[in-house]
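For reference, the structure is listed below as structure tokens.
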Amino acid sequence: MAWTRNDMAARAAKELRDGFYVNLGIGIPTLVANHIPPGISVTLQSENGMLGMGPFPYEGEADPDLINAGKQTITELDSSSYFSSADSFAMIRGGHIALSILGGMQVSQTGDLANWMVPGKMVKGMGGAMDLVAGVRRVVVVMDHVEKSGAPKFLGACNLPLTGAGVVDLLITDLGVFEIDRKGSGARLTELATGVTVEEVRSKTEAAFDIAV
Amino acid sequence: MAWTRNDMAARAAKELRDGFYVNLGIGIPTLVANHIPPGISVTLQSENGMLGMGPFPYEGEADPDLINAGKQTITELDSSSYFSSADSFAMIRGGHIALSILGGMQVSQTGDLANWMVPGKMVKGMGGAMDLVAGVRRVVVVMDHVEKSGAPKFLGACNLPLTGAGVVDLLITDLGVFEIDRKGSGARLTELATGVTVEEVRSKTEAAFDIAV
Amino acid sequence: MASKLRDDAAAALTGALFDGMTIMSGGFGLCGIPENLIAAIRDSGVRGLTVISNNCGVDGFGLGLLLATGQIDKMISSYVGENKLFEQLYLSGRLQLEFNPQGTLAERIRAGGAGIPAFFTRTGVGTLVAEGKEVRDFDGELYLMERGLTADLAIVKAWKGDAEGNLIYRKTARNFNPMMATAGRVTVAEVEHLVPVGDLDKDAIHTPGIFVDAVFQGARFEKRIEQLTTRPKEVA
Amino acid sequence: MASKLRDDAAAALTGALFDGMTIMSGGFGLCGIPENLIAAIRDSGVRGLTVISNNCGVDGFGLGLLLATGQIDKMISSYVGENKLFEQLYLSGRLQLEFNPQGTLAERIRAGGAGIPAFFTRTGVGTLVAEGKEVRDFDGELYLMERGLTADLAIVKAWKGDAEGNLIYRKTARNFNPMMATAGRVTVAEVEHLVPVGDLDKDAIHTPGIFVDAVFQGARFEKRIEQLTTRPKEVA
């Protein structure tokens, strides 16, 4: 019985620490905001140029001048500030964001990430993903463990074009959690989803990993 | 009868055009602001981070948070704006300032300028001078034609450490005006101060120059 | 001083357009885009454009208008394809596309306006983005060299502006507009509110007037929302 | 959230000081300098400092205080020597000095905070500043490669700030403060007016709180004027 999307988001939320500045990607990472542990306060950055993202606006109160990086209407908080996209990515590239949680298509055992392009399909672009994985201090990827076809997504080496090489610190899938050493010393399985066995993970994984559960 | 400091400033002011954004150095260049021709409006930039410099404040109204690049108290205008020093020099380096008028110790016939350092004397630093001559679209130097000792200051090559190489477009001295080609095609004497002869200029100049008066 | 004030978008663009030119256009998605200037560029009929903009609008709005008329030859963007037409034009080879990571694009434009011909960034090392670019080790880390970007024309949209060209943007509509204002050989700004010189807070001006060649108050702003997301009002 | 608010300069610097460290200090001349933090650094007795600051204060004020106590080993500046002591220390070999053109210094700090390890600039080509640096041709023009600058600690001074660390500077007291706030591994800010979170105009915040680790309201600000220049009041 693997983790649900919400379970994965809840697990990712455990990576948050009080006072963290965090950037959340589209999809499951967005759900992480619903699972922030009590007593912990984090500030959400939106890479188009905002710090201190608030929740969606009430019906009828959306402001076209206030959107997040997913182009959704949002709100501001008392603590919010706005800045240009150049200043926003200076913040990201300069290592000022503590944590980025984003989705993935493939992750390799050395922390490579592919999540922006499938050759042969229409390419929409990498947006800010390459900057985020290159600049943010700690990168957590949340993704399904296998393709719909059953093909593994945690690989020895990605075969899709990379978003970044050696950039992932932690991989959370529906089957468990892997710590990855960016410098190439390998991956370790550190947690299993409820009812999932090491054997199941092994059978669905191409990447080499040590067991530390 | 050579030009006075005020004459030189007045001559430099003729280089101003309506709508110009201008940076004026310390000394004679500062006097240029007193000679802005009627019908011409220019905006003065101060490289510490201000556009639209106003005159000195009235007695008793100086604001310690409002100084120019010479560290003098100044005032703002309705049109003024403030920005960081990084943004200020981005403006300068990016070629957005039309004209810089500054003082010089030595100028060469190829437009080299030395105005920041005399070896053996205490060096106070170049401040923003190197950025200004490298970034501003047109650079005018105003200086006495010779040293107090009588030694020429418009030379074949500067012997003082340079502020910039091939950066001066126009040289105004107490004896006349020289157009200089930055690309090295030479200097031309285009104006003589009242009562000054070409022979006098020649005798007090080391640089080679054509005559176009 | 010769005024920078213009009556409308067409007047503000007079003399600034030519076939084959490069135009930077501010905005992120449909947020903070120069609506009036884009429409005027469409109406001008100028062709063969290279457009530098983070996105390319949607069908029938924003830069999508210039796709529909076939005026754009090439886009330099970080994320596109919010509209069907873009995909058709691209797949049929009628539209060239250069992808830049969003932060690299923003920094390239900032560098172009700041007189910096090239800089190094970690972004894109080991990816397709690195192809053909210099990779260099600084203190044991690898970085790519990226070049500054300028354009023949930058079109930007601000919330408030004055006749000196001083501009203030609002909330996340700021995005790429301030850098682009610095990187156009000619920069034209449309504002929602034209205010008297002196009304803007001098410490809060985002774009000093030096960067702006022409400014006008937009006739009307649609300010379309791309993805309306809301929550129900809590009942007391 | 763990508060960034501190009672005073000494509390704000707790744990941030060590001998031999590099400190960036905001301000241009005596304008916009972190007066309270400089005094607290003097009182801490920390030694062997490398200080990055455009200038080095005057005798008895600003960074001149740290010269008087011999705490500074090296300055990285664009213009110094407004005080006699500086000259004495330098000429007697007790103080090292690295000159940077003012714009290059500002940009190096901006780059350091922005994750840019190096960039190219025309400034200084063909001068002493170019010694030992890579010179490179871009499109027929020569440029120098300059490196990004960071520091163990950045001390900045703002006009208004809140407990989140959001800062707004006033007039030309802004100068080097915003870039330095981004380039310190630890950044401490002193403000003239501490205001409730939410009071600052969100579009006008110069330094978002993410860059600030500790903030306090300065006990008193002398705000000394270096060169008082005035004109007589016109009589009506």
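Naming works like this for the structure tokens: A, B, ... for the chains as they're shown, residue 1 at the start of each chain, ligands 1 onward in shown order.
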
Select, as an mmCIF file with C-alpha atoms, in the first residue's frame, those residues of chain C with any atom no more than 7 Å from chain B (distances computed using only C-alpha atoms).
```cif
data_model
loop_
_atom_site.group_PDB
_atom_site.id
_atom_site.type_symbol
_atom_site.label_atom_id
_atom_site.label_comp_id
_atom_site.auth_asym_id
_atom_site.auth_seq_id
_atom_site.Cartn_x
_atom_site.Cartn_y
_atom_site.Cartn_z
ATOM 1 C CA MET C 1 13.196 69.483 -22.308
ATOM 2 C CA ALA C 2 11.801 67.560 -25.218
ATOM 3 C CA GLY C 113 21.342 46.872 -19.714
ATOM 4 C CA ALA C 114 24.257 47.085 -17.264
ATOM 5 C CA GLY C 115 27.119 46.943 -19.779
ATOM 6 C CA GLU C 164 10.065 62.018 -16.955
ATOM 7 C CA VAL C 197 6.123 64.686 -11.965
ATOM 8 C CA GLY C 198 6.888 64.725 -8.260
ATOM 9 C CA LYS C 202 11.479 58.971 -5.087
ATOM 10 C CA ASP C 203 12.755 56.089 -2.952
ATOM 11 C CA ILE C 205 10.780 54.360 -8.226
ATOM 12 C CA PRO C 208 14.403 55.868 -13.267
#
```

Sorted by chain and rising residue number, which residues of chain D lie within 6 Å of chain C, and what are their closest atom pairs and distances in Å to one decimal, counting only C-alpha atoms, as a Markdown table?
```
| residue | atom | partner | partner_atom | distance |
| --- | --- | --- | --- | --- |
| D:Ile116 | CA | C:Thr121 | CA | 5.6 |
| D:Ala118 | CA | C:Phe120 | CA | 5.7 |
| D:Phe119 | CA | C:Phe119 | CA | 4.2 |
| D:Phe120 | CA | C:Ile116 | CA | 5.7 |
| D:Thr121 | CA | C:Ile116 | CA | 5.6 |
| D:Ala204 | CA | C:Ala204 | CA | 4.9 |
```

Skipping near chain neighbours, those fewer than 4 positions away, what residues fall within 9 Å of segment 198-202 of chain A using only C-alpha atoms, listed as an MDAnalysis selection string? chainID A and resid 145 175:176 189 192 206:209 211 213

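From atom CA of Ala12 of chain D back to atom CA of Ala189 of chain D, the distance works out to 8.4 Å.
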
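Residues in contact range of Asp181 of chain A, defined as at most 10 Å between only C-alpha atoms, with sequence neighbours fewer than 5 positions away removed, read A:Gln109, A:Thr110, A:Gly111, A:Gly166, A:Val167, A:Val168, A:Asp169, A:Leu170, A:Gly186, A:Ala187, A:Arg188.
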
How about saving the chosen residues, all heavy atoms kept, as a PDB file, in the first residue's frame?
```
ATOM      1  N   GLN A 109      20.873   7.978  -9.605  1.00  0.00           N
ATOM      2  CA  GLN A 109      21.483   7.634  -8.312  1.00  0.00           C
ATOM      3  C   GLN A 109      22.556   8.633  -7.885  1.00  0.00           C
ATOM      4  O   GLN A 109      22.982   8.644  -6.744  1.00  0.00           O
ATOM      5  CB  GLN A 109      22.063   6.216  -8.374  1.00  0.00           C
ATOM      6  CG  GLN A 109      23.218   6.078  -9.354  1.00  0.00           C
ATOM      7  CD  GLN A 109      23.502   4.621  -9.729  1.00  0.00           C
ATOM      8  OE1 GLN A 109      22.594   3.793  -9.811  1.00  0.00           O
ATOM      9  NE2 GLN A 109      24.768   4.305  -9.939  1.00  0.00           N
ATOM     10  N   THR A 110      22.985   9.485  -8.826  1.00  0.00           N
ATOM     11  CA  THR A 110      23.956  10.533  -8.465  1.00  0.00           C
ATOM     12  C   THR A 110      23.281  11.890  -8.322  1.00  0.00           C
ATOM     13  O   THR A 110      23.943  12.917  -8.226  1.00  0.00           O
ATOM     14  CB  THR A 110      25.066  10.642  -9.530  1.00  0.00           C
ATOM     15  OG1 THR A 110      24.448  10.843 -10.806  1.00  0.00           O
ATOM     16  CG2 THR A 110      25.918   9.393  -9.562  1.00  0.00           C
ATOM     17  N   GLY A 111      21.943  11.903  -8.330  1.00  0.00           N
ATOM     18  CA  GLY A 111      21.235  13.157  -8.071  1.00  0.00           C
ATOM     19  C   GLY A 111      20.943  13.989  -9.301  1.00  0.00           C
ATOM     20  O   GLY A 111      20.557  15.142  -9.182  1.00  0.00           O
ATOM     21  N   GLY A 166      23.589  16.259 -10.704  1.00  0.00           N
ATOM     22  CA  GLY A 166      24.058  16.204  -9.315  1.00  0.00           C
ATOM     23  C   GLY A 166      23.416  17.281  -8.461  1.00  0.00           C
ATOM     24  O   GLY A 166      24.105  18.048  -7.788  1.00  0.00           O
ATOM     25  N   VAL A 167      22.083  17.354  -8.498  1.00  0.00           N
ATOM     26  CA  VAL A 167      21.398  18.458  -7.816  1.00  0.00           C
ATOM     27  C   VAL A 167      20.379  18.001  -6.776  1.00  0.00           C
ATOM     28  O   VAL A 167      19.902  18.800  -5.978  1.00  0.00           O
ATOM     29  CB  VAL A 167      20.673  19.366  -8.838  1.00  0.00           C
ATOM     30  CG1 VAL A 167      21.688  20.066  -9.738  1.00  0.00           C
ATOM     31  CG2 VAL A 167      19.666  18.592  -9.674  1.00  0.00           C
ATOM     32  N   VAL A 168      20.023  16.705  -6.777  1.00  0.00           N
ATOM     33  CA  VAL A 168      18.954  16.235  -5.884  1.00  0.00           C
ATOM     34  C   VAL A 168      19.543  15.709  -4.582  1.00  0.00           C
ATOM     35  O   VAL A 168      20.471  14.903  -4.595  1.00  0.00           O
ATOM     36  CB  VAL A 168      18.119  15.121  -6.559  1.00  0.00           C
ATOM     37  CG1 VAL A 168      17.010  14.643  -5.622  1.00  0.00           C
ATOM     38  CG2 VAL A 168      17.541  15.603  -7.880  1.00  0.00           C
ATOM     39  N   ASP A 169      18.986  16.175  -3.446  1.00  0.00           N
ATOM     40  CA  ASP A 169      19.450  15.718  -2.133  1.00  0.00           C
ATOM     41  C   ASP A 169      18.548  14.646  -1.550  1.00  0.00           C
ATOM     42  O   ASP A 169      18.999  13.808  -0.779  1.00  0.00           O
ATOM     43  CB  ASP A 169      19.498  16.898  -1.156  1.00  0.00           C
ATOM     44  CG  ASP A 169      20.470  17.952  -1.607  1.00  0.00           C
ATOM     45  OD1 ASP A 169      21.674  17.680  -1.561  1.00  0.00           O
ATOM     46  OD2 ASP A 169      20.021  19.032  -2.027  1.00  0.00           O
ATOM     47  N   LEU A 170      17.279  14.713  -1.878  1.00  0.00           N
ATOM     48  CA  LEU A 170      16.316  13.768  -1.300  1.00  0.00           C
ATOM     49  C   LEU A 170      15.257  13.463  -2.345  1.00  0.00           C
ATOM     50  O   LEU A 170      14.757  14.369  -3.026  1.00  0.00           O
ATOM     51  CB  LEU A 170      15.652  14.398  -0.060  1.00  0.00           C
ATOM     52  CG  LEU A 170      14.893  13.417   0.849  1.00  0.00           C
ATOM     53  CD1 LEU A 170      15.875  12.618   1.712  1.00  0.00           C
ATOM     54  CD2 LEU A 170      13.910  14.165   1.757  1.00  0.00           C
ATOM     55  N   GLY A 186      26.586   7.969  -3.757  1.00  0.00           N
ATOM     56  CA  GLY A 186      25.503   7.005  -3.827  1.00  0.00           C
ATOM     57  C   GLY A 186      24.225   7.390  -3.123  1.00  0.00           C
ATOM     58  O   GLY A 186      24.142   8.433  -2.474  1.00  0.00           O
ATOM     59  N   ALA A 187      23.223   6.514  -3.274  1.00  0.00           N
ATOM     60  CA  ALA A 187      21.901   6.757  -2.713  1.00  0.00           C
ATOM     61  C   ALA A 187      21.613   5.747  -1.619  1.00  0.00           C
ATOM     62  O   ALA A 187      22.138   4.628  -1.642  1.00  0.00           O
ATOM     63  CB  ALA A 187      20.860   6.660  -3.816  1.00  0.00           C
ATOM     64  N   ARG A 188      20.781   6.158  -0.646  1.00  0.00           N
ATOM     65  CA  ARG A 188      20.393   5.263   0.447  1.00  0.00           C
ATOM     66  C   ARG A 188      18.890   5.316   0.629  1.00  0.00           C
ATOM     67  O   ARG A 188      18.315   6.399   0.749  1.00  0.00           O
ATOM     68  CB  ARG A 188      21.049   5.705   1.758  1.00  0.00           C
ATOM     69  CG  ARG A 188      22.558   5.759   1.707  1.00  0.00           C
ATOM     70  CD  ARG A 188      23.162   5.986   3.104  1.00  0.00           C
ATOM     71  NE  ARG A 188      22.416   6.985   3.860  1.00  0.00           N
ATOM     72  CZ  ARG A 188      22.272   6.943   5.183  1.00  0.00           C
ATOM     73  NH1 ARG A 188      22.814   5.965   5.889  1.00  0.00           N
ATOM     74  NH2 ARG A 188      21.603   7.890   5.813  1.00  0.00           N
TER      75      ARG A 188
END
```

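Counting only C-alpha atoms and comparing B:Pro55, B:Ala114, B:Ser85, B:Pro29, the residue that lies closest to Arg108 of chain D is B:Ser85.
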
Least-squares fit of chain B onto chain A (C-alpha, ordered pairing) as a tab-separated table (two decimals) with C-alpha atoms, in the first residue's frame:
```tsv
chain	number	residue	atom	x	y	z
B	1	MET	CA	-0.04	-0.02	-0.01
B	2	ALA	CA	2.02	2.83	-1.37
B	3	TRP	CA	1.78	6.47	-0.29
B	4	THR	CA	-0.86	8.74	-1.83
B	5	ARG	CA	-0.05	12.13	-3.28
B	6	ASN	CA	-1.07	13.64	0.04
B	7	ASP	CA	1.12	11.20	1.98
B	8	MET	CA	4.06	12.18	-0.21
B	9	ALA	CA	3.37	15.87	0.34
B	10	ALA	CA	3.11	15.27	4.10
B	11	ARG	CA	6.44	13.45	4.07
B	12	ALA	CA	8.03	16.28	2.10
B	13	ALA	CA	6.66	18.76	4.64
B	14	LYS	CA	8.81	17.09	7.30
B	15	GLU	CA	11.82	18.60	5.52
B	16	LEU	CA	10.65	22.08	6.49
B	17	ARG	CA	12.33	23.86	9.40
B	18	ASP	CA	11.16	26.89	11.29
B	19	GLY	CA	12.17	30.10	9.53
B	20	PHE	CA	12.90	28.41	6.18
B	21	TYR	CA	12.46	30.27	2.91
B	22	VAL	CA	11.07	27.68	0.51
B	23	ASN	CA	10.16	27.39	-3.16
B	24	LEU	CA	7.45	24.85	-4.03
B	25	GLY	CA	7.01	23.54	-7.57
B	26	ILE	CA	3.78	22.77	-9.38
B	27	GLY	CA	1.77	19.59	-8.64
B	28	ILE	CA	2.40	17.51	-5.51
B	29	PRO	CA	4.91	20.08	-4.16
B	30	THR	CA	2.10	22.66	-4.04
B	31	LEU	CA	0.24	20.33	-1.64
B	32	VAL	CA	3.14	20.55	0.81
B	33	ALA	CA	1.78	23.92	1.95
B	34	ASN	CA	-1.23	22.06	3.41
B	35	HIS	CA	1.01	19.92	5.64
B	36	ILE	CA	3.26	22.46	7.35
B	37	PRO	CA	3.84	21.06	10.86
B	38	PRO	CA	2.45	23.04	13.80
B	39	GLY	CA	4.87	25.50	15.37
B	40	ILE	CA	6.79	25.84	12.15
B	41	SER	CA	6.65	28.99	10.10
B	42	VAL	CA	7.99	29.04	6.55
B	43	THR	CA	8.01	31.75	3.91
B	44	LEU	CA	7.11	30.74	0.37
B	45	GLN	CA	8.99	32.28	-2.54
B	46	SER	CA	7.48	32.60	-5.99
B	47	GLU	CA	10.20	32.89	-8.59
B	48	ASN	CA	8.39	35.43	-10.75
B	49	GLY	CA	9.14	37.91	-7.97
B	50	MET	CA	7.51	37.52	-4.58
B	51	LEU	CA	8.40	36.47	-1.08
B	52	GLY	CA	5.61	35.57	1.33
B	53	MET	CA	2.97	33.93	-0.85
B	54	GLY	CA	-0.48	33.78	0.69
B	55	PRO	CA	-3.39	31.41	-0.11
B	56	PHE	CA	-5.70	31.68	-3.13
B	57	PRO	CA	-7.91	34.78	-3.02
B	58	TYR	CA	-11.56	34.61	-2.04
B	59	GLU	CA	-13.95	34.31	-4.95
B	60	GLY	CA	-14.35	37.65	-6.66
B	61	GLU	CA	-11.17	39.08	-5.12
B	62	ALA	CA	-8.52	37.84	-7.55
B	63	ASP	CA	-5.98	40.47	-8.60
B	64	PRO	CA	-4.53	40.09	-12.12
B	65	ASP	CA	-1.31	41.73	-10.89
B	66	LEU	CA	-0.78	39.05	-8.27
B	67	ILE	CA	0.07	35.57	-9.53
B	68	ASN	CA	2.51	32.83	-8.61
B	69	ALA	CA	5.03	31.07	-10.83
B	70	GLY	CA	2.27	28.63	-11.88
B	71	LYS	CA	0.31	31.70	-13.10
B	72	GLN	CA	-2.39	31.11	-10.50
B	73	THR	CA	-3.98	34.03	-8.70
B	74	ILE	CA	-2.76	34.27	-5.10
B	75	THR	CA	-2.76	36.72	-2.19
B	76	GLU	CA	-0.15	38.58	-0.19
B	77	LEU	CA	0.63	38.49	3.53
B	78	ASP	CA	1.66	41.28	5.90
B	79	SER	CA	5.25	40.11	5.53
B	80	SER	CA	5.27	39.92	1.72
B	81	SER	CA	7.60	41.77	-0.60
B	82	TYR	CA	7.81	42.07	-4.39
B	83	PHE	CA	10.87	42.29	-6.61
B	84	SER	CA	11.89	41.87	-10.23
B	85	SER	CA	12.52	38.46	-11.79
B	86	ALA	CA	16.23	39.33	-12.00
B	87	ASP	CA	16.31	40.00	-8.27
B	88	SER	CA	14.25	36.87	-7.66
B	89	PHE	CA	16.69	34.62	-9.46
B	90	ALA	CA	19.63	36.44	-7.90
B	91	MET	CA	18.06	35.30	-4.62
B	92	ILE	CA	17.72	31.74	-5.93
B	93	ARG	CA	21.10	31.52	-7.66
B	94	GLY	CA	22.82	33.14	-4.70
B	95	GLY	CA	21.79	30.28	-2.41
B	96	HIS	CA	19.42	32.28	-0.23
B	97	ILE	CA	16.51	29.83	-0.53
B	98	ALA	CA	16.86	26.97	1.95
B	99	LEU	CA	14.72	24.37	0.23
B	100	SER	CA	13.12	23.66	-3.11
B	101	ILE	CA	10.54	20.89	-3.47
B	102	LEU	CA	9.73	19.94	-7.03
B	103	GLY	CA	8.38	17.22	-9.25
B	104	GLY	CA	10.44	14.94	-11.46
B	105	MET	CA	10.24	12.70	-14.50
B	106	GLN	CA	13.50	10.87	-13.73
B	107	VAL	CA	16.14	10.99	-11.00
B	108	SER	CA	19.53	9.26	-11.13
B	109	GLN	CA	21.48	7.63	-8.31
B	110	THR	CA	23.95	10.53	-8.47
B	111	GLY	CA	21.25	13.15	-8.07
B	112	ASP	CA	20.69	14.11	-11.69
B	113	LEU	CA	17.16	15.35	-12.36
B	114	ALA	CA	15.12	15.35	-15.57
B	115	ASN	CA	11.79	17.11	-15.43
B	116	TRP	CA	11.41	19.50	-18.34
B	117	MET	CA	11.53	17.79	-21.69
B	118	VAL	CA	10.53	14.60	-23.47
B	119	PRO	CA	12.21	14.45	-26.88
B	120	GLY	CA	9.69	14.11	-29.68
B	121	LYS	CA	6.98	15.83	-27.68
B	122	MET	CA	6.31	19.55	-27.84
B	123	VAL	CA	8.75	21.23	-25.47
B	124	LYS	CA	7.23	23.97	-23.37
B	125	GLY	CA	10.48	25.07	-21.75
B	126	MET	CA	12.32	24.75	-18.47
B	127	GLY	CA	10.95	27.91	-16.88
B	128	GLY	CA	12.78	28.44	-13.60
B	129	ALA	CA	13.46	24.77	-12.81
B	130	MET	CA	17.12	24.77	-13.92
B	131	ASP	CA	17.85	27.85	-11.84
B	132	LEU	CA	16.10	26.40	-8.81
B	133	VAL	CA	17.98	23.11	-8.79
B	134	ALA	CA	21.27	24.87	-9.47
B	135	GLY	CA	20.83	27.56	-6.84
B	136	VAL	CA	18.71	26.36	-3.93
B	137	ARG	CA	20.68	24.92	-1.01
B	138	ARG	CA	18.65	21.69	-0.65
B	139	VAL	CA	16.56	20.10	-3.39
B	140	VAL	CA	13.82	17.57	-2.69
B	141	VAL	CA	12.11	15.76	-5.57
B	142	VAL	CA	8.67	14.22	-5.14
B	143	MET	CA	7.50	11.83	-7.87
B	144	ASP	CA	5.81	8.50	-8.51
B	145	HIS	CA	8.25	5.63	-8.24
B	146	VAL	CA	7.47	4.23	-11.69
B	147	GLU	CA	5.92	5.30	-14.98
B	148	LYS	CA	2.34	4.37	-15.78
B	149	SER	CA	3.93	1.68	-17.94
B	150	GLY	CA	5.71	0.34	-14.87
B	151	ALA	CA	9.11	1.49	-16.10
B	152	PRO	CA	11.38	2.72	-13.31
B	153	LYS	CA	12.03	6.45	-12.90
B	154	PHE	CA	14.84	6.23	-10.32
B	155	LEU	CA	17.67	5.24	-12.59
B	156	GLY	CA	21.37	4.60	-12.88
B	157	ALA	CA	21.45	7.49	-15.32
B	158	CYS	CA	18.60	9.61	-16.68
B	159	ASN	CA	17.85	9.10	-20.37
B	160	LEU	CA	15.74	12.27	-20.66
B	161	PRO	CA	17.49	15.63	-21.05
B	162	LEU	CA	18.62	16.90	-17.65
B	163	THR	CA	17.30	19.80	-15.65
B	164	GLY	CA	20.45	19.63	-13.54
B	165	ALA	CA	23.35	17.26	-12.90
B	166	GLY	CA	24.04	16.20	-9.32
B	167	VAL	CA	21.39	18.45	-7.82
B	168	VAL	CA	18.95	16.24	-5.89
B	169	ASP	CA	19.45	15.72	-2.13
B	170	LEU	CA	16.30	13.77	-1.30
B	171	LEU	CA	13.88	11.74	-3.38
B	172	ILE	CA	10.39	11.00	-2.07
B	173	THR	CA	8.29	8.53	-4.08
B	174	ASP	CA	5.09	6.67	-3.32
B	175	LEU	CA	7.26	3.74	-2.17
B	176	GLY	CA	9.74	5.47	0.11
B	177	VAL	CA	12.47	7.99	0.69
B	178	PHE	CA	16.04	8.07	-0.66
B	179	GLU	CA	18.90	10.24	0.47
B	180	ILE	CA	21.23	11.03	-2.40
B	181	ASP	CA	24.77	12.29	-2.16
B	182	ARG	CA	25.30	15.00	-4.80
B	183	LYS	CA	29.00	14.28	-4.87
B	184	GLY	CA	28.32	10.82	-6.21
B	185	SER	CA	28.90	8.58	-3.21
B	186	GLY	CA	25.52	6.99	-3.85
B	187	ALA	CA	21.90	6.73	-2.72
B	188	ARG	CA	20.40	5.24	0.45
B	189	LEU	CA	16.86	4.05	1.01
B	190	THR	CA	15.99	5.54	4.41
B	191	GLU	CA	12.22	5.04	4.69
B	192	LEU	CA	9.58	2.73	3.27
B	193	ALA	CA	5.95	3.63	2.67
B	194	THR	CA	3.45	1.71	4.81
B	195	GLY	CA	3.35	-1.91	3.72
B	196	VAL	CA	6.07	-1.56	1.09
B	197	THR	CA	8.99	-3.98	1.25
B	198	VAL	CA	12.61	-3.49	0.27
B	199	GLU	CA	12.10	-6.24	-2.31
B	200	GLU	CA	9.27	-4.31	-3.96
B	201	VAL	CA	11.42	-1.18	-4.10
B	202	ARG	CA	14.33	-3.13	-5.55
B	203	SER	CA	12.17	-4.67	-8.23
B	204	LYS	CA	10.90	-1.26	-9.31
B	205	THR	CA	14.19	0.63	-9.20
B	206	GLU	CA	17.05	0.75	-11.66
B	207	ALA	CA	19.29	2.96	-9.49
B	208	ALA	CA	21.76	1.35	-7.11
B	209	PHE	CA	21.06	2.18	-3.48
B	210	ASP	CA	22.07	1.11	0.00
B	211	ILE	CA	19.51	0.10	2.56
B	212	ALA	CA	19.24	2.20	5.70
B	213	VAL	CA	15.70	1.56	6.86
```

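Coordinates place atom CA of Gly27 of chain D at a distance of 22.3 Å from atom CA of Lys4 of chain D.
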
Strand (DSSP E or B) per DSSP on the backbone: members of chain A, as a ChimeraX atom specification: /A:21-24,43-46,50-53,58,67,72-73,76-82,99-103,106-108,113-114,138-142,146,152,154-155,164,170-172,176-181,186-192,209-211

With C-alpha atoms retained, export the selected residues as a compact mmCIF listing (two decimals), in the first residue's frame.
```txt
# COMPACT_ATOMS: atom_id res chain seq x y z
CA TYR A 21 12.47 30.24 2.92
CA VAL A 22 11.08 27.68 0.51
CA ASN A 23 10.18 27.38 -3.14
CA LEU A 24 7.48 24.86 -4.02
CA THR A 43 8.02 31.75 3.92
CA LEU A 44 7.12 30.73 0.38
CA GLN A 45 8.99 32.26 -2.52
CA SER A 46 7.48 32.57 -5.98
CA MET A 50 7.51 37.50 -4.58
CA LEU A 51 8.39 36.44 -1.08
CA GLY A 52 5.60 35.54 1.34
CA MET A 53 2.96 33.90 -0.85
CA TYR A 58 -11.55 34.57 -2.05
CA ILE A 67 0.07 35.54 -9.54
CA GLN A 72 -2.39 31.07 -10.49
CA THR A 73 -3.98 34.00 -8.70
CA GLU A 76 -0.15 38.56 -0.19
CA LEU A 77 0.64 38.47 3.53
CA ASP A 78 1.67 41.26 5.89
CA SER A 79 5.25 40.10 5.53
CA SER A 80 5.28 39.91 1.72
CA SER A 81 7.59 41.76 -0.60
CA TYR A 82 7.80 42.05 -4.38
CA LEU A 99 14.73 24.36 0.23
CA SER A 100 13.12 23.65 -3.11
CA ILE A 101 10.55 20.88 -3.46
CA LEU A 102 9.74 19.93 -7.03
CA GLY A 103 8.38 17.22 -9.24
CA GLN A 106 13.50 10.88 -13.74
CA VAL A 107 16.15 10.99 -10.99
CA SER A 108 19.52 9.26 -11.13
CA LEU A 113 17.16 15.35 -12.36
CA ALA A 114 15.13 15.34 -15.57
CA ARG A 138 18.66 21.68 -0.65
CA VAL A 139 16.57 20.10 -3.38
CA VAL A 140 13.82 17.58 -2.69
CA VAL A 141 12.11 15.76 -5.56
CA VAL A 142 8.68 14.24 -5.15
CA VAL A 146 7.45 4.25 -11.70
CA PRO A 152 11.39 2.74 -13.31
CA PHE A 154 14.83 6.25 -10.32
CA LEU A 155 17.67 5.25 -12.61
CA GLY A 164 20.44 19.62 -13.54
CA LEU A 170 16.32 13.77 -1.30
CA LEU A 171 13.87 11.75 -3.40
CA ILE A 172 10.39 11.03 -2.09
CA GLY A 176 9.73 5.49 0.09
CA VAL A 177 12.47 8.01 0.68
CA PHE A 178 16.04 8.07 -0.66
CA GLU A 179 18.90 10.25 0.46
CA ILE A 180 21.24 11.05 -2.40
CA ASP A 181 24.77 12.32 -2.17
CA GLY A 186 25.50 7.01 -3.83
CA ALA A 187 21.90 6.76 -2.71
CA ARG A 188 20.39 5.26 0.45
CA LEU A 189 16.84 4.07 1.00
CA THR A 190 15.97 5.56 4.39
CA GLU A 191 12.20 5.06 4.67
CA LEU A 192 9.58 2.76 3.25
CA PHE A 209 21.04 2.20 -3.47
CA ASP A 210 22.05 1.12 0.00
CA ILE A 211 19.47 0.12 2.56
```
